[in-house]
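Trainee: Can you keep this structure in mind? I'll have questions shortly.
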Amino acid sequence: MGKNQRKVLKAYKFRIYPTKAQQKFLIQTFGCVRFTYNTLLKQRQFNTIEASKKLTPAALKKEFPFLKLTDSLALANAQRNLARAFQNYYQGRSGHPKMKIKKSTWQSYTTNNQQQTIWLKDNLLKVPKLKQPIAVVCHRKVVGKIKSATITAKNLQQFYVSLLCEEEVCHLPKTKTEIELRFAPNQLVVGNQLKFCRQLCVNDLETKLKKAKRKLEIKAKSAQQRKVRLAEAKNYQKQKLKVQKLYHHKQQQKKAWIDELTMHLIKNYDFLYVEVPKNGIEGSFTLADWQSFLVKLQYKANWYGKKVIFLTAAKTVRKIS
């Protein structure tokens, strides 16, 4: 590996379209992973740490034979995720681990690639325990070696896969230029001599979202007047689904635009000075969007040999990558 090359872990997310039989297997795997996680969590709560460590997914299979039908690596990762959750809790980075519930919007499990048990070819994805590959929409080429795959499902209807790959990246050519960036509520980022042609048009989507939310409120009032529970009101549930789709589309649109913007900045500037926001004024873009922008900007700068520098309110400089 050259001096300007390094190995990084990069994730690729794609929409997958499993058959009915494959969907059944994936949903069963979600349940088994959730059951394993919750059982180990209960054991940890009511027993000592030493006693809890003796209970493993392999031991659970003896008592609960249905676990043998699922991917053993998925169960092992459930145990690893629980251990990481407790580590974060003890170090003050998160709250106490909670039980996973069946009614959650998102369900997922992670499996590892061992001797080509996971592969992607010709828009087909092979994962352990499934004999037939799953249809996948690859909107970009996957580079590098697949390390793991995380299968997720939204409301058990829309299925996705996130492939974690190890690949080599090279430093980008130096441009000997710099730019100062700051948060803008309606543009996300403004800066001196910032030239990024594609602006994100969120006004049309915001208008559709407001109309959809108003219709949802009207249908909710209508259901209340008819004394029908919202869970049983079909028109309300249909409109609720439309609102959720618009929210999801808005999030994906922002995410894709931030990816393009950060890559543009990394390619064209060697030093990126970022001004810390003094207040929390928000518009089309929130401070959460700004934080997402910073995270992407920093790890891409680290990959491609560029520098991100924070400017404090007093204009003092602190190097962060």
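Letters for chains follow the order of the structure tokens (A, B, ...), residue numbers begin at 1 for each chain, and ligand numbers begin at 1 in the order shown.
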Where does range 78-127 of chain A meet range 54-57 of chain A within 12 Å, residue by residue, with the nearest atom pair and distance in Å to one decimal for each, counting only C-alpha atoms, listed by chain and rising number, as a tab-separated table?
Mentor:
```
residue	atom	partner	partner_atom	distance
A:Ala78	CA	A:Pro57	CA	8.8
A:Gln79	CA	A:Pro57	CA	7.4
A:Arg80	CA	A:Thr56	CA	10.4
A:Leu82	CA	A:Thr56	CA	11.7
A:Ala83	CA	A:Thr56	CA	11.8
```
Trainee: Calculate how many Å separate CA of Cys170 in chain A from CA of Val8 in chain A, rounding to one decimal.
Mentor: 10.3 Å
Trainee: Hey, which of A:Leu163, A:Ile309, A:Leu67, A:Ala135 ends up closest to Lys147 in chain A? Count only C-alpha atoms.
Mentor: A:Leu163
Trainee: Determine, counting only C-alpha atoms, which protein, DNA and RNA residues have an atom within 12 Å of an atom of Lys20 in chain A; residues of the same chain fewer than 6 positions away are not included. Present the result as a list in words.
Mentor: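 Answer for this query is Leu26, Ile27, Ile134, Leu156 and Gln157 of chain A.
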Trainee: Please save C-alpha atoms of the selected residues as an mmCIF file, in the first residue's frame.
Mentor:
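File written: result30.cif
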```cif
data_model
loop_
_atom_site.group_PDB
_atom_site.id
_atom_site.type_symbol
_atom_site.label_atom_id
_atom_site.label_comp_id
_atom_site.auth_asym_id
_atom_site.auth_seq_id
_atom_site.Cartn_x
_atom_site.Cartn_y
_atom_site.Cartn_z
ATOM 1 C CA LEU A 26 -35.923 -12.455 7.128
ATOM 2 C CA ILE A 27 -38.843 -11.671 9.441
ATOM 3 C CA ILE A 134 -32.207 -11.803 -3.205
ATOM 4 C CA LEU A 156 -41.770 -5.334 7.464
ATOM 5 C CA GLN A 157 -42.660 -4.098 3.972
#
```
Trainee: Please indicate the distance in Å from CA of Leu75 in chain A to CA of Thr36 in chain A, rounded to one decimal place.
Mentor: 6.6 Å
Trainee: What is the CA of Thr29 in chain A-CA of Lys245 in chain A distance in Å, reported with one decimal?
Mentor: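 Pair CA of Thr29 in chain A / CA of Lys245 in chain A returns 25.7 Å.
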Trainee: Tell me which protein, DNA and RNA residues are within 12 Å of Phe293 in chain A, counting only C-alpha atoms, leaving out same-chain ones fewer than 2 positions away, and put them as a PyMOL selection string.
Mentor: chain A and resi 181-183+188-189+254-263+265+274+285-291+295-300
Trainee: Leaving out Phe271 in chain A and any residue of its chain fewer than 6 positions from it, which residues lie within 7 Å of it when counting only C-alpha atoms, given as an mmCIF file with C-alpha atoms, in the first residue's frame?
Mentor:
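This is the output file part_30.cif:
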```cif
data_model
loop_
_atom_site.group_PDB
_atom_site.id
_atom_site.type_symbol
_atom_site.label_atom_id
_atom_site.label_comp_id
_atom_site.auth_asym_id
_atom_site.auth_seq_id
_atom_site.Cartn_x
_atom_site.Cartn_y
_atom_site.Cartn_z
ATOM 1 C CA THR A 177 -7.031 26.517 -1.669
ATOM 2 C CA GLU A 178 -9.067 27.086 1.478
ATOM 3 C CA ILE A 179 -12.638 28.039 2.351
ATOM 4 C CA LYS A 306 -7.647 17.174 3.514
ATOM 5 C CA LYS A 307 -8.002 19.250 6.723
ATOM 6 C CA VAL A 308 -11.127 20.376 8.586
#
```
Trainee: Check the smallest atom-to-atom distance from each of A:Tyr17, A:Tyr247, A:Tyr109, A:Phe86 to Ser72 in chain A using only C-alpha atoms, then report the winner.
Mentor: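 The shortest atom-to-atom distance to Ser72 in chain A comes from A:Tyr109.
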Trainee: Of the candidates A:Ala58, A:Leu130, A:Val243, A:Leu272, which one gets nearest to Lys176 in chain A if we count only C-alpha atoms?
Mentor: A:Leu272
Trainee: List every residue of range 68-297 of chain A that DSSP, applied to the backbone of this structure, places in helix (DSSP H, G or I), and write the result as a ChimeraX atom specification.
Mentor: /A:68-69,72-90,203-225,230-232,234-268,287-297
